[in-house]
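Heads up, the thing below is written out as structure tokens.
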Amino acid sequence: MPYYDLRCTSCSHEFNQKASVADKSDLRIPCPTCGSTALETVFKGAPASFVKSSSEPAACPHAHLCGAACRHG
Ligand SMILES: [Zn+2]
């Protein structure tokens, strides 16, 4: 079952809950603080694949001369 980051729209409590898709769509997940089932899904940050690597080598300053055969990188 997937985990969901949920926020209660009643008391604003945020929690992580393991639940089936059916449990979530049928509003069978109660808020642990107030018991409300009026929850919204919280999306946090961007997936790691969107984070650009900082160790990427700088572009070759002679790329206009050596093109695809460049070994300066
Ligand atoms: Zn609540």
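Labeling convention for the structure tokens: chains A, B, ... as they appear, residues from 1 per chain, ligands from 1 in order of appearance.
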Give the residue list for ligand 1 at 7 Å, counting only C-alpha atoms and all ligand atoms, as a ChimeraX atom specification, sorted by chain and then by residue number.
-> /A:8-13,31-36
